[in-house]
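With TSV, C-alpha atoms and all ligand atoms inside, this is start_30.tsv:
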```
chain	number	residue	atom	x	y	z
A	427	MET	CA	214.23	66.75	103.85
A	428	ASP	CA	213.16	63.15	103.86
A	429	PRO	CA	212.38	61.89	107.40
A	430	LEU	CA	214.74	58.94	106.93
A	431	LYS	CA	217.55	61.29	105.89
A	432	PHE	CA	216.87	63.22	109.08
A	433	VAL	CA	217.22	60.00	111.09
A	434	ASP	CA	220.47	59.18	109.26
A	435	SER	CA	221.90	62.61	110.07
A	436	TYR	CA	222.06	62.28	113.86
A	437	ARG	CA	223.31	59.79	116.45
A	438	SER	CA	221.14	60.57	119.49
A	439	PHE	CA	217.47	61.37	119.79
A	440	ILE	CA	214.95	62.42	122.36
A	441	ILE	CA	211.43	61.26	121.49
A	442	THR	CA	208.56	63.12	123.11
A	443	GLY	CA	204.79	63.30	122.76
A	444	HIS	CA	201.81	65.35	123.82
A	445	LEU	CA	200.47	66.05	127.30
A	446	ALA	CA	198.01	63.44	128.61
A	447	PRO	CA	199.68	60.78	126.44
A	448	ASP	CA	197.27	58.30	124.81
A	449	GLY	CA	197.70	54.89	123.21
A	450	ASP	CA	198.60	56.40	119.86
A	451	ALA	CA	201.32	58.67	121.23
A	452	ILE	CA	202.78	55.92	123.40
A	453	GLY	CA	202.60	53.16	120.80
A	454	SER	CA	204.18	55.48	118.22
A	455	GLU	CA	206.95	56.45	120.63
A	456	ILE	CA	207.76	52.85	121.54
A	457	ALA	CA	207.85	51.68	117.92
A	458	PHE	CA	210.02	54.59	116.85
A	459	TYR	CA	212.30	54.03	119.84
A	460	PHE	CA	212.99	50.44	118.74
A	461	PHE	CA	213.40	51.54	115.13
A	462	LEU	CA	216.06	54.08	116.13
A	463	ARG	CA	217.73	51.70	118.56
A	464	ASP	CA	217.99	49.01	115.89
A	465	LEU	CA	219.78	51.60	113.75
A	466	GLY	CA	222.31	51.97	116.57
A	467	LYS	CA	221.02	55.37	117.70
A	468	ASP	CA	221.20	56.50	121.30
A	469	THR	CA	217.50	57.09	122.03
A	470	ILE	CA	215.32	58.04	124.96
A	471	ILE	CA	211.56	58.64	125.34
A	472	VAL	CA	210.57	61.45	127.69
A	473	ASN	CA	207.02	62.71	128.22
A	474	ASP	CA	206.00	65.49	130.56
A	475	GLU	CA	203.16	63.41	132.03
A	476	PRO	CA	203.01	59.70	132.88
A	477	ALA	CA	201.81	57.21	130.31
A	478	PRO	CA	198.49	55.59	131.35
A	479	GLU	CA	199.15	52.44	133.39
A	480	ALA	CA	196.70	50.60	131.13
A	481	PHE	CA	199.39	50.47	128.44
A	482	SER	CA	202.00	48.90	130.70
A	483	PHE	CA	201.30	45.58	128.93
A	484	LEU	CA	203.09	46.93	125.85
A	485	PRO	CA	206.62	45.59	125.51
A	486	GLY	CA	208.87	48.64	125.64
A	487	PHE	CA	206.59	50.58	128.00
A	488	GLU	CA	209.41	50.52	130.55
A	489	HIS	CA	211.54	52.70	128.26
A	490	ILE	CA	209.18	55.65	128.65
A	491	TYR	CA	210.37	58.23	131.18
A	492	THR	CA	208.35	61.01	132.68
A	493	LEU	CA	210.18	64.31	132.77
A	494	ASP	CA	210.68	63.96	136.53
A	495	GLU	CA	212.05	60.41	136.19
A	496	PHE	CA	214.34	61.62	133.44
A	497	HIS	CA	215.76	64.38	135.64
A	498	ASP	CA	216.22	61.91	138.51
A	499	HIS	CA	218.16	59.50	136.28
A	500	TYR	CA	220.14	61.87	134.11
A	501	GLY	CA	220.37	65.06	136.14
A	502	PRO	CA	220.98	68.11	133.99
A	503	ARG	CA	222.29	66.04	131.08
A	504	HIS	CA	220.62	66.81	127.80
A	505	ASP	CA	223.03	66.40	124.97
A	506	PHE	CA	220.77	64.86	122.35
A	507	GLU	CA	221.48	65.81	118.79
A	508	ALA	CA	217.87	65.78	117.60
A	509	ALA	CA	214.26	65.64	118.77
A	510	VAL	CA	211.27	63.66	117.53
A	511	PHE	CA	207.81	65.01	118.32
A	512	MET	CA	204.98	62.48	118.30
A	513	GLU	CA	201.56	63.92	117.46
A	514	CYS	CA	202.16	67.37	118.90
A	515	SER	CA	200.35	69.98	116.82
A	516	SER	CA	202.76	72.55	118.25
A	517	ARG	CA	205.98	72.25	120.29
A	518	GLN	CA	204.05	73.49	123.32
A	519	ARG	CA	201.82	70.37	123.22
A	520	ALA	CA	204.82	68.50	124.62
A	521	GLY	CA	204.46	70.53	127.83
A	522	ARG	CA	207.60	71.07	129.89
A	523	THR	CA	209.51	68.50	127.82
A	524	GLU	CA	209.67	71.10	125.07
A	525	ARG	CA	212.48	72.79	127.03
A	526	LEU	CA	214.70	69.74	126.59
A	527	THR	CA	214.37	70.05	122.83
A	528	ARG	CA	215.10	73.75	122.42
A	529	GLY	CA	217.61	74.49	119.72
A	530	LEU	CA	217.54	70.91	118.45
A	531	PRO	CA	216.62	69.97	114.91
A	532	ALA	CA	213.18	68.39	115.15
A	533	LEU	CA	211.29	65.68	113.30
A	534	ASN	CA	207.57	66.42	113.64
A	535	ILE	CA	205.37	63.35	113.08
A	536	ASP	CA	201.60	63.76	113.29
A	537	HIS	CA	198.20	63.10	111.76
A	538	HIS	CA	196.38	66.21	113.05
A	539	PHE	CA	195.43	68.62	110.30
A	540	ASP	CA	196.02	71.62	112.60
A	541	ASN	CA	199.71	70.74	113.00
A	542	ARG	CA	201.79	73.90	112.67
A	543	ASN	CA	204.68	72.29	110.76
A	544	TYR	CA	207.21	73.60	113.28
A	545	GLY	CA	209.74	70.83	112.63
A	546	THR	CA	212.98	70.90	110.69
A	547	VAL	CA	211.29	67.99	108.93
A	548	ASN	CA	207.51	67.58	109.03
A	549	LEU	CA	205.80	64.27	108.42
A	550	VAL	CA	202.17	65.27	108.87
A	551	ILE	CA	199.57	63.06	107.20
A	552	PRO	CA	196.01	64.12	108.15
A	553	GLN	CA	194.51	61.22	106.18
A	554	ALA	CA	196.22	58.71	108.45
A	555	ALA	CA	194.02	57.09	111.09
A	556	ALA	CA	196.72	57.34	113.73
A	557	CYS	CA	200.23	58.57	114.27
A	558	GLY	CA	201.02	54.86	114.55
A	559	GLU	CA	199.91	54.40	110.97
A	560	VAL	CA	202.29	57.15	109.82
A	561	ILE	CA	205.11	55.48	111.77
A	562	TYR	CA	204.29	52.05	110.38
A	563	GLU	CA	204.41	53.27	106.78
A	564	LEU	CA	207.65	55.17	107.48
A	565	ILE	CA	209.43	52.19	109.04
A	566	GLU	CA	207.99	49.76	106.52
A	567	GLY	CA	209.05	52.07	103.69
A	568	ALA	CA	212.56	52.20	105.15
A	569	GLY	CA	212.77	48.45	104.72
A	570	ALA	CA	213.58	48.07	108.40
A	571	ARG	CA	212.87	44.89	110.35
A	572	ILE	CA	209.59	45.26	112.24
A	573	THR	CA	209.85	43.29	115.45
A	574	LEU	CA	207.06	41.82	117.56
A	575	GLU	CA	207.46	44.72	120.01
A	576	MET	CA	207.13	47.31	117.24
A	577	ALA	CA	204.17	45.54	115.63
A	578	THR	CA	202.36	45.29	118.98
A	579	ALA	CA	202.95	48.96	119.83
A	580	LEU	CA	201.81	50.14	116.40
A	581	TYR	CA	198.74	47.90	116.39
A	582	ALA	CA	197.81	49.28	119.83
A	583	ALA	CA	198.27	52.84	118.54
A	584	ILE	CA	195.98	52.27	115.56
A	585	LEU	CA	193.40	50.21	117.47
A	586	THR	CA	192.95	52.79	120.22
A	587	ASP	CA	193.08	55.92	118.05
A	588	THR	CA	190.35	54.54	115.77
A	589	ALA	CA	188.31	53.38	118.80
A	590	SER	CA	188.61	49.79	117.59
A	591	PHE	CA	188.52	50.64	113.86
A	592	ARG	CA	185.37	52.74	114.07
A	593	PHE	CA	186.67	56.22	113.14
A	594	GLN	CA	189.08	57.50	110.50
A	595	THR	CA	189.43	53.89	109.38
A	596	THR	CA	190.22	53.32	105.72
A	597	ALA	CA	190.92	50.17	103.73
A	598	ARG	CA	194.56	51.18	103.99
A	599	THR	CA	194.29	51.33	107.79
A	600	LEU	CA	192.92	47.80	107.90
A	601	ARG	CA	195.61	46.56	105.49
A	602	ASN	CA	198.25	48.12	107.70
A	603	ALA	CA	196.66	46.55	110.77
A	604	ALA	CA	196.58	43.19	108.97
A	605	ASP	CA	200.31	43.57	108.22
A	606	LEU	CA	200.95	44.21	111.91
A	607	ILE	CA	199.01	41.07	112.87
A	608	GLU	CA	201.13	39.09	110.41
A	609	LEU	CA	204.19	40.59	112.08
A	610	GLY	CA	203.05	39.22	115.41
A	611	ALA	CA	200.62	41.70	116.99
A	612	ASP	CA	197.96	39.75	118.90
A	613	PRO	CA	194.57	41.53	118.47
A	614	GLU	CA	192.93	39.81	121.43
A	615	LYS	CA	195.82	40.53	123.79
A	616	VAL	CA	196.12	44.16	122.71
A	617	ALA	CA	192.36	44.74	123.00
A	618	ALA	CA	192.27	43.12	126.43
A	619	GLY	CA	195.25	45.20	127.53
A	620	ALA	CA	193.86	48.45	126.19
A	621	TYR	CA	190.18	48.08	127.13
A	622	GLU	CA	189.69	45.48	129.84
A	623	GLN	CA	191.67	46.86	132.73
A	624	VAL	CA	189.29	49.56	133.91
A	625	PRO	CA	189.61	49.98	137.69
A	626	PHE	CA	186.45	49.33	139.68
A	627	LYS	CA	186.59	52.84	141.17
A	628	THR	CA	186.48	54.29	137.65
A	629	PHE	CA	183.09	52.62	137.19
A	630	LYS	CA	181.91	54.01	140.52
A	631	LEU	CA	182.93	57.45	139.27
A	632	LEU	CA	181.16	56.81	135.96
A	633	ALA	CA	178.00	55.85	137.83
A	634	ARG	CA	178.10	59.13	139.74
A	635	SER	CA	178.75	61.12	136.59
A	636	LEU	CA	175.95	59.43	134.62
A	637	GLU	CA	173.49	60.59	137.29
A	638	THR	CA	174.07	64.09	135.86
A	639	LEU	CA	173.39	63.01	132.26
A	640	LYS	CA	171.21	65.49	130.36
A	641	GLN	CA	169.96	66.13	126.87
A	642	ALA	CA	169.82	69.49	125.09
A	643	CYS	CA	168.76	70.73	121.67
A	644	ASN	CA	165.93	68.27	121.31
A	645	GLY	CA	168.13	65.30	122.15
A	646	LEU	CA	170.83	66.14	119.61
A	647	VAL	CA	173.24	67.01	122.41
A	648	THR	CA	174.02	64.81	125.40
A	649	TYR	CA	176.24	65.90	128.25
A	650	CYS	CA	177.30	64.99	131.74
A	651	ARG	CA	179.47	66.44	134.43
A	652	VAL	CA	182.32	65.24	136.64
A	653	SER	CA	182.84	67.28	139.80
A	654	ARG	CA	185.81	67.48	142.18
A	655	ARG	CA	183.53	66.03	144.84
A	656	MET	CA	182.87	62.91	142.74
A	657	TYR	CA	186.63	62.36	142.45
A	658	GLU	CA	187.03	62.78	146.21
A	659	GLU	CA	184.16	60.44	147.06
A	660	THR	CA	185.38	57.67	144.77
A	661	GLY	CA	189.11	58.09	145.37
A	662	THR	CA	189.72	58.92	141.70
A	663	SER	CA	191.27	61.73	139.67
A	664	ASP	CA	191.05	63.30	136.21
A	665	SER	CA	192.79	60.36	134.59
A	666	ASN	CA	189.88	58.08	135.62
A	667	SER	CA	187.34	60.07	133.60
A	668	GLU	CA	189.18	60.16	130.29
A	669	SER	CA	187.05	57.51	128.59
A	670	PHE	CA	183.66	58.77	129.82
A	671	ILE	CA	183.00	60.70	126.64
A	672	ASP	CA	183.06	57.43	124.69
A	673	TYR	CA	180.13	56.00	126.64
A	674	LEU	CA	177.84	58.83	125.49
A	675	ARG	CA	178.11	58.34	121.77
A	676	VAL	CA	175.99	55.19	121.77
A	677	ILE	CA	172.93	57.18	122.88
A	678	ALA	CA	170.32	57.24	120.11
A	679	ARG	CA	169.82	60.58	118.25
A	680	SER	CA	172.75	62.19	120.03
A	681	ARG	CA	175.01	64.02	117.58
A	682	VAL	CA	177.21	65.96	119.98
A	683	ASN	CA	178.44	64.55	123.28
A	684	ILE	CA	180.11	66.60	125.96
A	685	VAL	CA	181.72	65.85	129.29
A	686	PHE	CA	182.33	68.83	131.58
A	687	LYS	CA	185.08	68.16	134.11
A	688	GLU	CA	185.57	70.45	137.02
A	689	LEU	CA	189.24	71.42	137.45
A	690	PRO	CA	190.78	73.07	140.49
A	691	ASP	CA	190.73	76.89	140.55
A	692	HIS	CA	187.24	77.31	139.10
A	693	ARG	CA	188.15	76.04	135.65
A	694	THR	CA	186.35	73.46	133.52
A	695	ARG	CA	187.80	70.98	131.07
A	696	VAL	CA	185.45	70.17	128.19
A	697	ASN	CA	185.63	66.98	126.11
A	698	LEU	CA	183.62	67.09	122.88
A	699	ARG	CA	182.66	64.41	120.39
A	700	SER	CA	180.44	64.68	117.33
A	701	LYS	CA	179.12	62.51	114.56
A	702	GLY	CA	179.32	63.08	110.81
A	703	ASP	CA	180.17	66.53	109.47
A	704	LEU	CA	179.31	68.31	112.70
A	705	ASP	CA	182.54	70.05	113.67
A	706	VAL	CA	183.36	70.21	117.38
A	707	GLN	CA	186.94	71.26	116.64
A	708	ARG	CA	185.45	74.68	115.73
A	709	VAL	CA	183.65	74.78	119.08
A	710	ALA	CA	186.85	73.88	120.94
A	711	SER	CA	189.02	76.35	119.04
A	712	HIS	CA	186.53	79.13	119.86
A	713	PHE	CA	187.60	78.58	123.48
A	714	GLY	CA	191.31	78.20	122.71
A	715	GLY	CA	191.29	74.40	122.46
A	716	GLY	CA	191.78	72.04	119.55
A	717	GLY	CA	191.47	68.54	118.17
A	718	HIS	CA	189.78	66.93	115.20
A	719	ARG	CA	186.40	67.58	113.58
A	720	ASN	CA	184.76	64.77	115.57
A	721	ALA	CA	186.90	64.82	118.71
A	722	ALA	CA	188.09	67.96	120.43
A	723	GLY	CA	188.65	69.55	123.79
A	724	CYS	CA	189.15	72.87	125.52
A	725	SER	CA	189.41	74.43	128.97
A	726	LEU	CA	187.41	77.40	130.20
A	727	GLU	CA	188.09	79.82	133.02
A	728	ALA	CA	184.62	79.17	134.35
A	729	GLY	CA	182.69	76.90	136.68
A	730	PHE	CA	180.44	74.14	135.38
A	731	GLU	CA	177.24	76.12	134.80
A	732	GLU	CA	178.89	79.02	133.03
A	733	ALA	CA	181.04	76.65	130.94
A	734	ARG	CA	177.96	74.61	130.01
A	735	ASN	CA	176.04	77.71	128.91
A	736	LEU	CA	178.94	79.04	126.84
A	737	VAL	CA	179.74	75.73	125.18
A	738	LEU	CA	176.10	74.81	124.45
A	739	ALA	CA	175.57	78.25	122.85
A	740	GLU	CA	178.56	77.59	120.60
A	741	VAL	CA	177.37	74.07	119.75
A	742	LYS	CA	173.88	75.38	118.90
A	743	LYS	CA	175.35	77.69	116.25
A	744	GLN	CA	176.11	74.59	114.24
A	745	LEU	CA	172.96	72.63	114.91
A	746	PRO	CA	170.16	74.49	113.03
A	747	HIS	CA	171.74	73.54	109.73
A	748	HIS	CA	171.76	69.96	110.91
A	749	GLY	CA	168.17	70.10	112.08
A	750	GLU	CA	167.05	71.24	108.65
A	751	LYS	CA	169.02	68.56	106.93
A	752	GLU	CA	167.47	65.95	109.17
A	753	ARG	CA	163.95	67.11	108.48
A	754	ALA	CA	164.44	67.28	104.72
A	755	PRO	CA	162.55	64.58	102.86
A	801	MN	MN	196.45	60.12	117.37
```
Now that the file is in, can you turn its structure into structure tokens?
Amino acid sequence: MDPLKFVDSYRSFIITGHLAPDGDAIGSEIAFYFFLRDLGKDTIIVNDEPAPEAFSFLPGFEHIYTLDEFHDHYGPRHDFEAAVFMECSSRQRAGRTERLTRGLPALNIDHHFDNRNYGTVNLVIPQAAACGEVIYELIEGAGARITLEMATALYAAILTDTASFRFQTTARTLRNAADLIELGADPEKVAAGAYEQVPFKTFKLLARSLETLKQACNGLVTYCRVSRRMYEETGTSDSNSESFIDYLRVIARSRVNIVFKELPDHRTRVNLRSKGDLDVQRVASHFGGGGHRNAAGCSLEAGFEEARNLVLAEVKKQLPHHGEKERAP
């Protein structure tokens, strides 16, 4: 079924997105919320976990409920006719919110190639730079009015998911972004909102973490660690270390970057980034995680040192090939 036919078929929708919501998930949710509302649909956005405060500058941010807020406001009411999943590769990626959507026809919108096509209707476009780009082309194709709020949310989604138009960016992505600017999105305001609100304590945490910075595999791998103690000493939490992985990629020669984050209960969260055709999604999936070729993550039932040894061994399996390629004349 066509996604627009799906939208036409129902009167009320719950929109949800993945755990640890990012700019793309949130921007996509907000834009789609306004799109549905303008069609006269009864619509609500509910995510299991809170949206990062950094995106509170987006008009429409106030319409996003956490699951707990939703229960406080609406009690046991869940009589939506249909669900919309925003970049969830499986229903489980929505966390506890998935329960609210059980038995509902679902529209599954994503740009991750590992999406399991679990929806009644699946709009999965792996070539798209962001879920926001998929949403923009859907709404634009529907001939709907794209308001300033929608344009701003979609521009923020695309800007942040491409790391400021560095990754997955095609000519089409830039044309879409240009359209959104013409529709009112303000690039300077969105960039300032998305990138220039880092709390001071986050930088103190980063400073502590960078003290653990190490190279492996002849400099092709760079990694650092964030411990529970660092969080305690700087008054921060997991959400403060989300962007740390991005600081590592600028290091010369480094092809794979890893941040090991200590979780409670002797577990370790691993963020992985790679350059070129080096596939960290395969590393992550080996440990039950997922993501894209160049950006992936997983969690291990292990402390830092064991997790580091296991993950580095898996990364090394891919590197010899790369080493040879690099040395070739
Ligand atoms: Mn995305």
Give the residue list for ligand MN 801 (chain A) at 7 Å, counting all atoms listed in the file, as an NGL selection string, sorted by chain and then by residue number. :A and (450-451 or 513 or 537 or 556-557 or 587)
The residues within 7 Å of (178.2, 71.4, 127.2), using all atoms listed in the file and the coordinates of the file, should be reported as a ChimeraX atom specification; which are they? /A:649,684-686,734-735,737-738
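Atom pair CA of Val696 in chain A / CA of Val624 in chain A: separated by 21.7 Å.
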Residue neighbourhood range 660-662 of chain A, 10 Å, only C-alpha atoms, exclusion window fewer than 6 positions, as a list in words: Pro625, Phe626, Lys627, Thr628, Phe629, Lys630, Leu631, Leu632, Arg634 and Arg654 of chain A
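Every residue within 7 Å of the file position (208.3, 66.3, 120.2), judged by all atoms listed in the file, is given as Ile441, Thr442, Gly443, Ala509, Val510, Phe511, Met512, Cys514, Arg517, Ala520, Glu524 and Asn534 of chain A.
Between CA of Leu430 in chain A and CA of Phe591 in chain A the interatomic distance comes to 28.4 Å.
The gap separating CA of Asp540 in chain A from CA of Pro690 in chain A is 28.4 Å, in Å to one decimal.
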Using only C-alpha atoms, can you tell me which of A:Thr638, A:Gly486, A:Glu622, A:Gly558 comes closest to Leu606 in chain A? A:Gly558
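Closest approach to Gly449 in chain A among A:Ser516, A:Asn543, A:Ser590, A:Ser435 is made by A:Ser590 (distances from only C-alpha atoms).
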Using all atoms listed in the file, pick whichever of A:Pro531, A:Phe458, A:Asn602, A:Val652 has the shortest atom-to-atom distance to Thr546 in chain A. A:Pro531
Residues near range 729-732 of chain A, anyone? I mean within 9 Å using only C-alpha atoms, not counting same-chain ones fewer than 2 positions away, as a list in words. Arg651, Ser653, Phe686, Lys687, Glu688, Leu689, Asp691, His692, Arg693, Thr694, Leu726, Glu727, Arg734, Asn735, Leu736 and Val737 of chain A
I'd like the contact shell of Ala678 in chain A - 12 Å cut-off, all atoms listed in the file, skipping same-chain residues fewer than 4 positions apart - returned as a list in words. Gln641, Asn644, Gly645, Leu646, Val647, Thr648, Tyr673, Leu674, Val682, Asn683 and Lys701 of chain A
Skip Met427 in chain A itself and residues of its chain fewer than 6 positions away, then list as a VMD selection string all residues within 10 Å of it, counting all atoms listed in the file. chain A and resid 533 546 to 549
Write out the residues from the selection above, keeping C-alpha atoms, as a compact mmCIF listing (two decimals), keeping the file's coordinate frame.
```txt
# COMPACT_ATOMS: atom_id res chain seq x y z
CA LEU A 533 211.29 65.68 113.30
CA THR A 546 212.98 70.90 110.69
CA VAL A 547 211.29 67.99 108.93
CA ASN A 548 207.51 67.58 109.03
CA LEU A 549 205.80 64.27 108.42
```
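With all atoms listed in the file as the atoms that count, the residue of A:Gly521, A:Gly466, A:Pro485, A:Gly453 with the shortest distance to Ser438 in chain A is A:Gly466.
Of the residues listed (A:Arg571, A:Arg679, A:Arg522, A:Arg528), A:Arg528 shows the shortest atom-to-atom separation from Asp505 in chain A; distances use only C-alpha atoms.
Candidate residues A:Gly567, A:Pro447, A:Gly529, A:Gly723 were compared for distance to Phe481 in chain A, and the nearest is A:Pro447, using all atoms listed in the file.
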Excluding Glu566 in chain A and any residue of its chain fewer than 3 positions from it, enumerate the residues within 12 Å of it, using all atoms listed in the file, and give them as an NGL selection string. :A and (430 or 457-458 or 461 or 558-563 or 569-573 or 576-577 or 580 or 602 or 605-606 or 609)
